[in-house]
Amino acid sequence: MNEPSSDDGRAFRRETERVVNEIAQGLRTLDAGVGWFSDLAPTRQQEVLREVAGYGV
């Protein structure tokens, strides 16, 4: 199986930042955010959780 390229990783981090930002601003509902998160592969969900945990530091 191919590993995601670093460009894919950067694009995914930008998408994660955008989704979280939209939820924070009320532009996306929490339910829509949960749906987006639920549709991710487990490894991507872990990446999102690591990213979001960093926001609280």
# chains A, B, ... in the order shown; residues from 1 in each chain; ligands from 1

$ residues_around --residues "region 34-45 of chain A" --least-positions-apart "5" --cutoff "9 Å" --atoms "only C-alpha atoms" --output "JSON, numbers by chain"
{"A": [12, 19, 29, 50]}

$ write_last_selection --atoms "C-alpha atoms" --output "CSV table (one decimal), in the first residue's frame"
chain,number,residue,atom,x,y,z
A,12,PHE,CA,-5.3,17.1,4.8
A,19,VAL,CA,-13.4,22.2,9.0
A,29,THR,CA,-22.7,22.6,12.4
A,50,ARG,CA,-3.6,15.0,17.2

$ select_by_dssp --residues "region 1-33 of chain A" --states "alpha helix (DSSP H)" --output "JSON, numbers by chain"
{"A": [6, 7, 8, 9, 10, 11, 12, 13, 14, 15, 16, 17, 18, 19, 20, 21, 22, 23, 24, 25, 30, 31, 32, 33]}

$ atom_distance --atom1 "CA of Thr16 (chain A)" --atom2 "CA of Gln46 (chain A)"
11.7 Å

$ atom_distance --atom1 "CA of Gly56 (chain A)" --atom2 "CA of Arg10 (chain A)"
20.3 Å

$ closest_residue --among "A:Tyr55, A:Glu22, A:Val48, A:Leu30" --to "Gly9 (chain A)" --atoms "only C-alpha atoms"
A:Val48
